[in-house]
Amino acid sequence: MLRLAVPNKGALTESAQAMLKEAGYRPRRDSKELVVIDPDNSCELFFLRPRDIAVYVGEGTLDAGITGVDMLADSGAPAEEIMPLGFGVSTFRFAARPGAFATVKDLQGMRIATSYAGLLGKHLAEMGVDARVIKLDGAVETAIRLGVADAVADVVETGTTLRNVGLEVFGEPIAHSQAALIKQAGAEETPGVRQLVRRLQGVLVARDYVMIDYDIRAERIDEAIAITPGMEGPTVSPLHREGWVAVRAMVPRKGHQQIMDQLWELGAKAVLATAIFACRL
Ligand SMILES: Nc1ncnc2c1ncn2[C@@H]1O[C@H](COP(=O)(O)OP(=O)(O)OP(=O)(O)O)[C@@H](O)[C@H]1O
Ligand SMILES: O=P(O)(O)OC[C@H]1O[C@H](OP(=O)(O)OP(=O)(O)O)[C@H](O)[C@@H]1O
Ligand SMILES: [Mg+2]
C-alpha cells in the first residue's frame with residue numbers, strides 16, 4: 001500500500017493533483033476531502049499543507065510526498081528528493097525598497113521578514129551575516145511598508161507581487177525551487193513508490209515529447225534518422241512501395257514543427273505528429 005502526501009492548498013495544489021490524475025491515481029471529489037483511498041492502485045492519498053509534507057515524510061509515517069524543494073530545505077526534516085516534477089518553479093530571493101541594499105552583506109544588523117525562517121537562517125549563517133529574522137506566515141512583502149522589516153526573503157516567480165508593492169530583488173538568489181517527489185532520507189523506495197516514480201516519469205515524457213511518423217525514400221534514411229534519432233533509435237519498417245520506408249520516432253514537443261519542416265525538405269511524405277497519452281520508458 002502506497003501512502004502519499006499531496007498538497008491540499010497553495011501554488012502546487014492544482015498541478016500536483018493534475019499530474020497524479022494523469023498518472024492514473026484517483027482524484028479527490030472536492031477540496032474538503034482530506035484522505036482518498038484508491039484500491040485500484042493500492043494507494044492512500046493524504047491531502048496536507050505543503051509545509052507539513054516534509055515533516056510527515058521525514059518521520060516515515062508516509063512513503064512519499066509532493067512539496068517544494070524550498071519547503072523541504074526550510075523544514076530541516078530528514079527527507080530527500082526522489083525526482084523533480086517540473087512545476088512550481090520559483091526562486092527564493094531577497095527584496096527591499098529600490099536602492100536600499102545591494103548584497104546580502106548589507107543586511108548585517110537588519111530585520112528580514114520571511115515565511116522560510118529555516119532556509120533564510122541557514123543562508124545568513126553561511127554568508128556570515130548576523131540579522132534578525134522576523135517569521136511571518138505569508139504576504140511578507142507588506143512587512144516593510146508596515147515597518148516590521150527592512151528587507152524580505154520570499155518566493156519569486158514572475159515578480160508581480162514585489163512590483164505591486166514597490167519592492168525590488170537584490171543580491172544573488174538564495175535558492176532555486178520546484179515541486180519534487182520526496183521520501184524519508186536514506187529510506188529504501190517501496191514497490192508502491194517505485195511504481196509512482198515510473199508513472200510520473202511517464203507523465204513528464206508524455207508531456208514533453210510527441211510521436212512523429214513519416215515515409216521516406218530508403219536512400220535518405222540516414223539523413224532522416226539524424227533528424228529524428230528517437231529515444232533508443234527509431235522504428236524503421238518496410239513500406240508497401242518500392243524504395244520507401246516508414247519511420248516512427250519520439251521527438252521533443254518543443255521544436256517538433258521545425259523537425260517536420262526539415263523532414264519535408266528531405267522529401268518525406270505523410271509526416272504526422274501525434275500526442276503521447278501515457279508511456280513507460
Ligand atoms: N507564485 C508561485 N509560483 C511558483 N511556485 C510557487 C509560487 N508561490 C509558491 N510557490 C511554491 O509553492 C510551494 C508552496 O508554497 P505556497 O505559497 O503554495 O504554500 P503556503 O504559503 O503554505 O500556502 P498559502 O500560500 O496557500 O498559504 C513552495 O515550494 C513555493 O516555492
Ligand atoms: O513572483 P510572483 O509571480 O508574484 O509570485 C510570488 C508570490 O507567490 C507566493 O504568494 P502566495 O500567493 O502563496 O501568498 P503567501 O505569500 O501568502 O504565501 C509567494 O509567497 C509570493 O508572494
Ligand atoms: Mg504562499
# chains A, B, ... in the order shown; residues from 1 in each chain; ligands from 1
$ residues_near_ligand --ligand "ligand 1" --cutoff "10 Å" --atoms "only C-alpha atoms and all ligand atoms" --output "MDAnalysis selection string"
chainID A and resid 7:13 49:52 66:74 87:92 115:116 137:139 154:161 175:180
$ write_last_selection --atoms "C-alpha atoms" --output "PDB file, in the first residue's frame"
ATOM      1  CA  PRO A   7      -0.547  19.457  -1.278  1.00  0.00           C
ATOM      2  CA  ASN A   8      -4.110  20.496  -0.375  1.00  0.00           C
ATOM      3  CA  LYS A   9      -3.589  24.268  -0.587  1.00  0.00           C
ATOM      4  CA  GLY A  10      -1.389  26.829  -2.336  1.00  0.00           C
ATOM      5  CA  ALA A  11       0.547  27.123  -5.567  1.00  0.00           C
ATOM      6  CA  LEU A  12       1.402  23.421  -6.029  1.00  0.00           C
ATOM      7  CA  THR A  13      -2.074  22.004  -5.436  1.00  0.00           C
ATOM      8  CA  ARG A  49      -0.402  21.565   3.799  1.00  0.00           C
ATOM      9  CA  PRO A  50       2.705  21.697   1.582  1.00  0.00           C
ATOM     10  CA  ARG A  51       4.762  22.981   4.528  1.00  0.00           C
ATOM     11  CA  ASP A  52       3.861  19.922   6.636  1.00  0.00           C
ATOM     12  CA  ILE A  66       4.963  16.182  -3.204  1.00  0.00           C
ATOM     13  CA  THR A  67       6.257  19.515  -1.939  1.00  0.00           C
ATOM     14  CA  GLY A  68       8.551  22.379  -2.940  1.00  0.00           C
ATOM     15  CA  VAL A  69      12.318  21.896  -2.764  1.00  0.00           C
ATOM     16  CA  ASP A  70      12.459  25.205  -0.818  1.00  0.00           C
ATOM     17  CA  MET A  71       9.952  23.920   1.748  1.00  0.00           C
ATOM     18  CA  LEU A  72      11.897  20.674   2.078  1.00  0.00           C
ATOM     19  CA  ALA A  73      15.080  22.650   2.805  1.00  0.00           C
ATOM     20  CA  ASP A  74      13.241  25.018   5.145  1.00  0.00           C
ATOM     21  CA  PHE A  87       6.118  22.725 -11.881  1.00  0.00           C
ATOM     22  CA  GLY A  88       6.084  25.256  -9.014  1.00  0.00           C
ATOM     23  CA  VAL A  89       9.300  26.668 -10.463  1.00  0.00           C
ATOM     24  CA  SER A  90      10.462  29.700  -8.478  1.00  0.00           C
ATOM     25  CA  THR A  91      13.472  31.366  -6.873  1.00  0.00           C
ATOM     26  CA  PHE A  92      13.824  32.389  -3.250  1.00  0.00           C
ATOM     27  CA  SER A 115       7.916  32.535   5.902  1.00  0.00           C
ATOM     28  CA  TYR A 116      11.037  30.414   5.375  1.00  0.00           C
ATOM     29  CA  ASP A 137       3.046  33.154   7.768  1.00  0.00           C
ATOM     30  CA  GLY A 138       2.532  34.842   4.380  1.00  0.00           C
ATOM     31  CA  ALA A 139       2.162  38.101   2.452  1.00  0.00           C
ATOM     32  CA  ASP A 154      10.396  35.320  -0.309  1.00  0.00           C
ATOM     33  CA  VAL A 155       9.343  33.170  -3.235  1.00  0.00           C
ATOM     34  CA  VAL A 156       9.519  34.999  -6.581  1.00  0.00           C
ATOM     35  CA  GLU A 157       8.024  33.624  -9.766  1.00  0.00           C
ATOM     36  CA  THR A 158       7.010  36.441 -12.139  1.00  0.00           C
ATOM     37  CA  GLY A 159       7.959  39.262  -9.740  1.00  0.00           C
ATOM     38  CA  THR A 160       4.456  40.753  -9.977  1.00  0.00           C
ATOM     39  CA  THR A 161       3.783  40.642  -6.217  1.00  0.00           C
ATOM     40  CA  ALA A 175      17.699  29.125  -3.644  1.00  0.00           C
ATOM     41  CA  HIS A 176      16.057  27.730  -6.771  1.00  0.00           C
ATOM     42  CA  SER A 177      12.960  25.632  -6.253  1.00  0.00           C
ATOM     43  CA  GLN A 178      10.363  23.482  -7.972  1.00  0.00           C
ATOM     44  CA  ALA A 179       7.959  20.792  -6.865  1.00  0.00           C
ATOM     45  CA  ALA A 180       9.561  17.424  -6.164  1.00  0.00           C
TER      46      ALA A 180
END
$ residues_around --residues "A:Thr114" --least-positions-apart "4" --cutoff "8 Å" --atoms "only C-alpha atoms" --output "short mmCIF file (atom, residue, chain, number, x, y, z; two decimals) with N, CA and C atoms, in the first residue's frame"
data_model
loop_
_atom_site.label_atom_id
_atom_site.label_comp_id
_atom_site.auth_asym_id
_atom_site.auth_seq_id
_atom_site.Cartn_x
_atom_site.Cartn_y
_atom_site.Cartn_z
N LEU A 120 16.27 30.74 5.33
CA LEU A 120 16.94 32.04 5.44
C LEU A 120 18.04 31.98 6.50
N VAL A 133 15.73 37.62 12.03
CA VAL A 133 14.73 37.00 11.15
C VAL A 133 13.35 37.16 11.77
N ILE A 134 12.44 37.83 11.03
CA ILE A 134 11.07 38.01 11.50
C ILE A 134 10.22 36.96 10.79
N LYS A 135 9.72 35.99 11.52
CA LYS A 135 8.96 34.89 10.91
C LYS A 135 7.49 35.28 10.76
N LEU A 136 7.01 35.28 9.50
CA LEU A 136 5.59 35.57 9.23
C LEU A 136 5.01 34.39 8.44
N ASP A 137 3.68 34.29 8.43
CA ASP A 137 3.05 33.15 7.77
C ASP A 137 2.88 33.35 6.27
N GLY A 138 2.73 34.60 5.81
CA GLY A 138 2.53 34.84 4.38
C GLY A 138 2.45 36.32 4.13
N VAL A 140 4.49 38.38 3.09
CA VAL A 140 5.61 39.02 3.80
C VAL A 140 6.02 40.34 3.14
N VAL A 152 12.86 41.63 2.86
CA VAL A 152 12.13 40.36 2.94
C VAL A 152 12.91 39.31 2.18
N ALA A 153 12.65 38.05 2.50
CA ALA A 153 13.17 36.94 1.72
C ALA A 153 11.96 36.09 1.37
N ASP A 154 11.65 36.00 0.06
CA ASP A 154 10.40 35.32 -0.31
C ASP A 154 10.51 34.66 -1.67
#
$ residues_around --residues "A:Ile259" --least-positions-apart "6" --cutoff "9 Å" --atoms "only C-alpha atoms" --output "PyMOL selection string"
chain A and resi 227-228+251
$ select_by_dssp --residues "stretch 169-227 of chain A" --states "strand (DSSP E or B)" --output "ChimeraX atom specification"
/A:169-177,179-184,209-217
$ write_last_selection --atoms "N, CA and C atoms" --output "PDB file, in the first residue's frame"
ATOM      1  N   VAL A 169      14.117  42.998  -6.122  1.00  0.00           N
ATOM      2  CA  VAL A 169      15.038  41.959  -5.636  1.00  0.00           C
ATOM      3  C   VAL A 169      16.456  42.535  -5.619  1.00  0.00           C
ATOM      4  N   PHE A 170      17.301  41.992  -4.751  1.00  0.00           N
ATOM      5  CA  PHE A 170      18.728  42.355  -4.763  1.00  0.00           C
ATOM      6  C   PHE A 170      19.544  41.140  -4.354  1.00  0.00           C
ATOM      7  N   GLY A 171      20.820  41.175  -4.695  1.00  0.00           N
ATOM      8  CA  GLY A 171      21.723  40.072  -4.347  1.00  0.00           C
ATOM      9  C   GLY A 171      21.451  38.837  -5.185  1.00  0.00           C
ATOM     10  N   GLU A 172      22.244  37.812  -4.932  1.00  0.00           N
ATOM     11  CA  GLU A 172      22.097  36.542  -5.659  1.00  0.00           C
ATOM     12  C   GLU A 172      20.870  35.798  -5.126  1.00  0.00           C
ATOM     13  N   PRO A 173      20.212  34.956  -5.980  1.00  0.00           N
ATOM     14  CA  PRO A 173      19.120  34.131  -5.457  1.00  0.00           C
ATOM     15  C   PRO A 173      19.612  33.256  -4.299  1.00  0.00           C
ATOM     16  N   ILE A 174      18.784  33.131  -3.272  1.00  0.00           N
ATOM     17  CA  ILE A 174      19.141  32.308  -2.102  1.00  0.00           C
ATOM     18  C   ILE A 174      18.978  30.834  -2.463  1.00  0.00           C
ATOM     19  N   ALA A 175      17.938  30.519  -3.238  1.00  0.00           N
ATOM     20  CA  ALA A 175      17.699  29.125  -3.644  1.00  0.00           C
ATOM     21  C   ALA A 175      16.827  29.092  -4.893  1.00  0.00           C
ATOM     22  N   HIS A 176      16.946  27.986  -5.630  1.00  0.00           N
ATOM     23  CA  HIS A 176      16.057  27.730  -6.771  1.00  0.00           C
ATOM     24  C   HIS A 176      15.157  26.585  -6.354  1.00  0.00           C
ATOM     25  N   SER A 177      13.889  26.674  -6.719  1.00  0.00           N
ATOM     26  CA  SER A 177      12.960  25.632  -6.253  1.00  0.00           C
ATOM     27  C   SER A 177      12.028  25.175  -7.358  1.00  0.00           C
ATOM     28  N   ALA A 179       8.593  21.904  -7.572  1.00  0.00           N
ATOM     29  CA  ALA A 179       7.959  20.792  -6.865  1.00  0.00           C
ATOM     30  C   ALA A 179       8.789  19.533  -7.075  1.00  0.00           C
ATOM     31  N   ALA A 180       8.805  18.677  -6.048  1.00  0.00           N
ATOM     32  CA  ALA A 180       9.561  17.424  -6.164  1.00  0.00           C
ATOM     33  C   ALA A 180       8.826  16.330  -5.407  1.00  0.00           C
ATOM     34  N   LEU A 181       9.084  15.096  -5.829  1.00  0.00           N
ATOM     35  CA  LEU A 181       8.629  13.939  -5.053  1.00  0.00           C
ATOM     36  C   LEU A 181       9.719  13.665  -4.032  1.00  0.00           C
ATOM     37  N   ILE A 182       9.324  13.526  -2.754  1.00  0.00           N
ATOM     38  CA  ILE A 182      10.326  13.318  -1.702  1.00  0.00           C
ATOM     39  C   ILE A 182      10.031  12.038  -0.918  1.00  0.00           C
ATOM     40  N   LYS A 183      11.068  11.524  -0.251  1.00  0.00           N
ATOM     41  CA  LYS A 183      10.904  10.372   0.646  1.00  0.00           C
ATOM     42  C   LYS A 183      11.776  10.591   1.872  1.00  0.00           C
ATOM     43  N   GLN A 184      11.617   9.727   2.857  1.00  0.00           N
ATOM     44  CA  GLN A 184      12.432   9.827   4.070  1.00  0.00           C
ATOM     45  C   GLN A 184      13.901   9.639   3.684  1.00  0.00           C
ATOM     46  N   TYR A 209       7.217  15.131 -25.095  1.00  0.00           N
ATOM     47  CA  TYR A 209       7.543  14.540 -26.395  1.00  0.00           C
ATOM     48  C   TYR A 209       6.288  14.317 -27.223  1.00  0.00           C
ATOM     49  N   VAL A 210       6.471  14.259 -28.553  1.00  0.00           N
ATOM     50  CA  VAL A 210       5.396  13.817 -29.453  1.00  0.00           C
ATOM     51  C   VAL A 210       5.944  12.678 -30.301  1.00  0.00           C
ATOM     52  N   MET A 211       5.041  11.900 -30.897  1.00  0.00           N
ATOM     53  CA  MET A 211       5.460  10.817 -31.787  1.00  0.00           C
ATOM     54  C   MET A 211       5.377  11.335 -33.225  1.00  0.00           C
ATOM     55  N   ILE A 212       6.457  11.124 -33.975  1.00  0.00           N
ATOM     56  CA  ILE A 212       6.473  11.550 -35.381  1.00  0.00           C
ATOM     57  C   ILE A 212       6.490  10.299 -36.261  1.00  0.00           C
ATOM     58  N   ASP A 213       5.616  10.270 -37.260  1.00  0.00           N
ATOM     59  CA  ASP A 213       5.610   9.201 -38.270  1.00  0.00           C
ATOM     60  C   ASP A 213       5.798   9.844 -39.637  1.00  0.00           C
ATOM     61  N   TYR A 214       6.560   9.192 -40.490  1.00  0.00           N
ATOM     62  CA  TYR A 214       6.690   9.691 -41.863  1.00  0.00           C
ATOM     63  C   TYR A 214       7.188   8.583 -42.791  1.00  0.00           C
ATOM     64  N   ASP A 215       6.986   8.811 -44.094  1.00  0.00           N
ATOM     65  CA  ASP A 215       7.518   7.905 -45.119  1.00  0.00           C
ATOM     66  C   ASP A 215       8.652   8.622 -45.824  1.00  0.00           C
ATOM     67  N   ILE A 216       9.695   7.858 -46.177  1.00  0.00           N
ATOM     68  CA  ILE A 216      10.853   8.492 -46.832  1.00  0.00           C
ATOM     69  C   ILE A 216      11.522   7.499 -47.769  1.00  0.00           C
ATOM     70  N   ARG A 217      12.169   8.022 -48.806  1.00  0.00           N
ATOM     71  CA  ARG A 217      12.922   7.142 -49.716  1.00  0.00           C
ATOM     72  C   ARG A 217      14.047   6.465 -48.941  1.00  0.00           C
TER      73      ARG A 217
END
$ residues_around --residues "A:Thr142" --least-positions-apart "5" --cutoff "9 Å" --atoms "only C-alpha atoms" --output "PDB file with C-alpha atoms, in the first residue's frame"
ATOM      1  CA  GLY A 147       7.662  48.950   9.457  1.00  0.00           C
ATOM      2  CA  VAL A 148       8.187  45.411  10.725  1.00  0.00           C
ATOM      3  CA  VAL A 165       4.270  46.832  -3.540  1.00  0.00           C
TER       4      VAL A 165
END
$ residues_around --residues "stretch 185-200 of chain A" --least-positions-apart "3" --cutoff "10 Å" --atoms "only C-alpha atoms" --output "VMD selection string"
chain A and resid 1 to 4 19 to 20 22 to 25 41 to 43 57 to 60 63 to 65 77 to 85 181 to 182 203 to 206 278 to 281
$ select_by_dssp --residues "stretch 243-279 of chain A" --states "alpha helix (DSSP H)" --output "PyMOL selection string"
chain A and resi 256-265
$ closest_residue --among "A:Glu232, A:Glu242, A:Glu141, A:Asp261" --to "ligand 3" --atoms "only C-alpha atoms and all ligand atoms"
A:Glu141
$ closest_residue --among "A:Leu239, A:Val247, A:Met110, A:Phe47" --to "A:Ala268" --atoms "only C-alpha atoms"
A:Val247
$ closest_residue --among "A:Ala224, A:Ile53, A:Leu167, A:Val6" --to "ligand 2" --atoms "only C-alpha atoms and all ligand atoms"
A:Leu167
$ atom_distance --atom1 "atom CA of A:Ala16" --atom2 "atom CA of A:Glu44"
15.2 Å
$ residues_around --residues "A:Ser237" --least-positions-apart "5" --cutoff "9 Å" --atoms "only C-alpha atoms" --output "PyMOL selection string"
chain A and resi 245-248
$ write_last_selection --atoms "C-alpha atoms" --output "compact mmCIF listing (two decimals), in the first residue's frame"
# COMPACT_ATOMS: atom_id res chain seq x y z
CA VAL A 245 10.38 3.06 -45.73
CA ALA A 246 8.14 4.19 -42.85
CA VAL A 247 9.78 5.75 -39.79
CA ARG A 248 8.40 6.28 -36.27
$ residues_around --residues "A:Gly128" --least-positions-apart "6" --cutoff "12 Å" --atoms "only C-alpha atoms" --output "PyMOL selection string"
chain A and resi 104-109+121-122
$ write_last_selection --atoms "C-alpha atoms" --output "PDB file, in the first residue's frame"
ATOM      1  CA  VAL A 104      23.356  40.091   1.375  1.00  0.00           C
ATOM      2  CA  LYS A 105      26.335  41.588   3.278  1.00  0.00           C
ATOM      3  CA  ASP A 106      24.398  44.875   3.582  1.00  0.00           C
ATOM      4  CA  LEU A 107      21.820  43.052   5.748  1.00  0.00           C
ATOM      5  CA  GLN A 108      24.117  42.940   8.792  1.00  0.00           C
ATOM      6  CA  GLY A 109      22.021  44.023  11.820  1.00  0.00           C
ATOM      7  CA  GLY A 121      18.710  31.295   8.744  1.00  0.00           C
ATOM      8  CA  LYS A 122      20.967  28.717   7.074  1.00  0.00           C
TER       9      LYS A 122
END
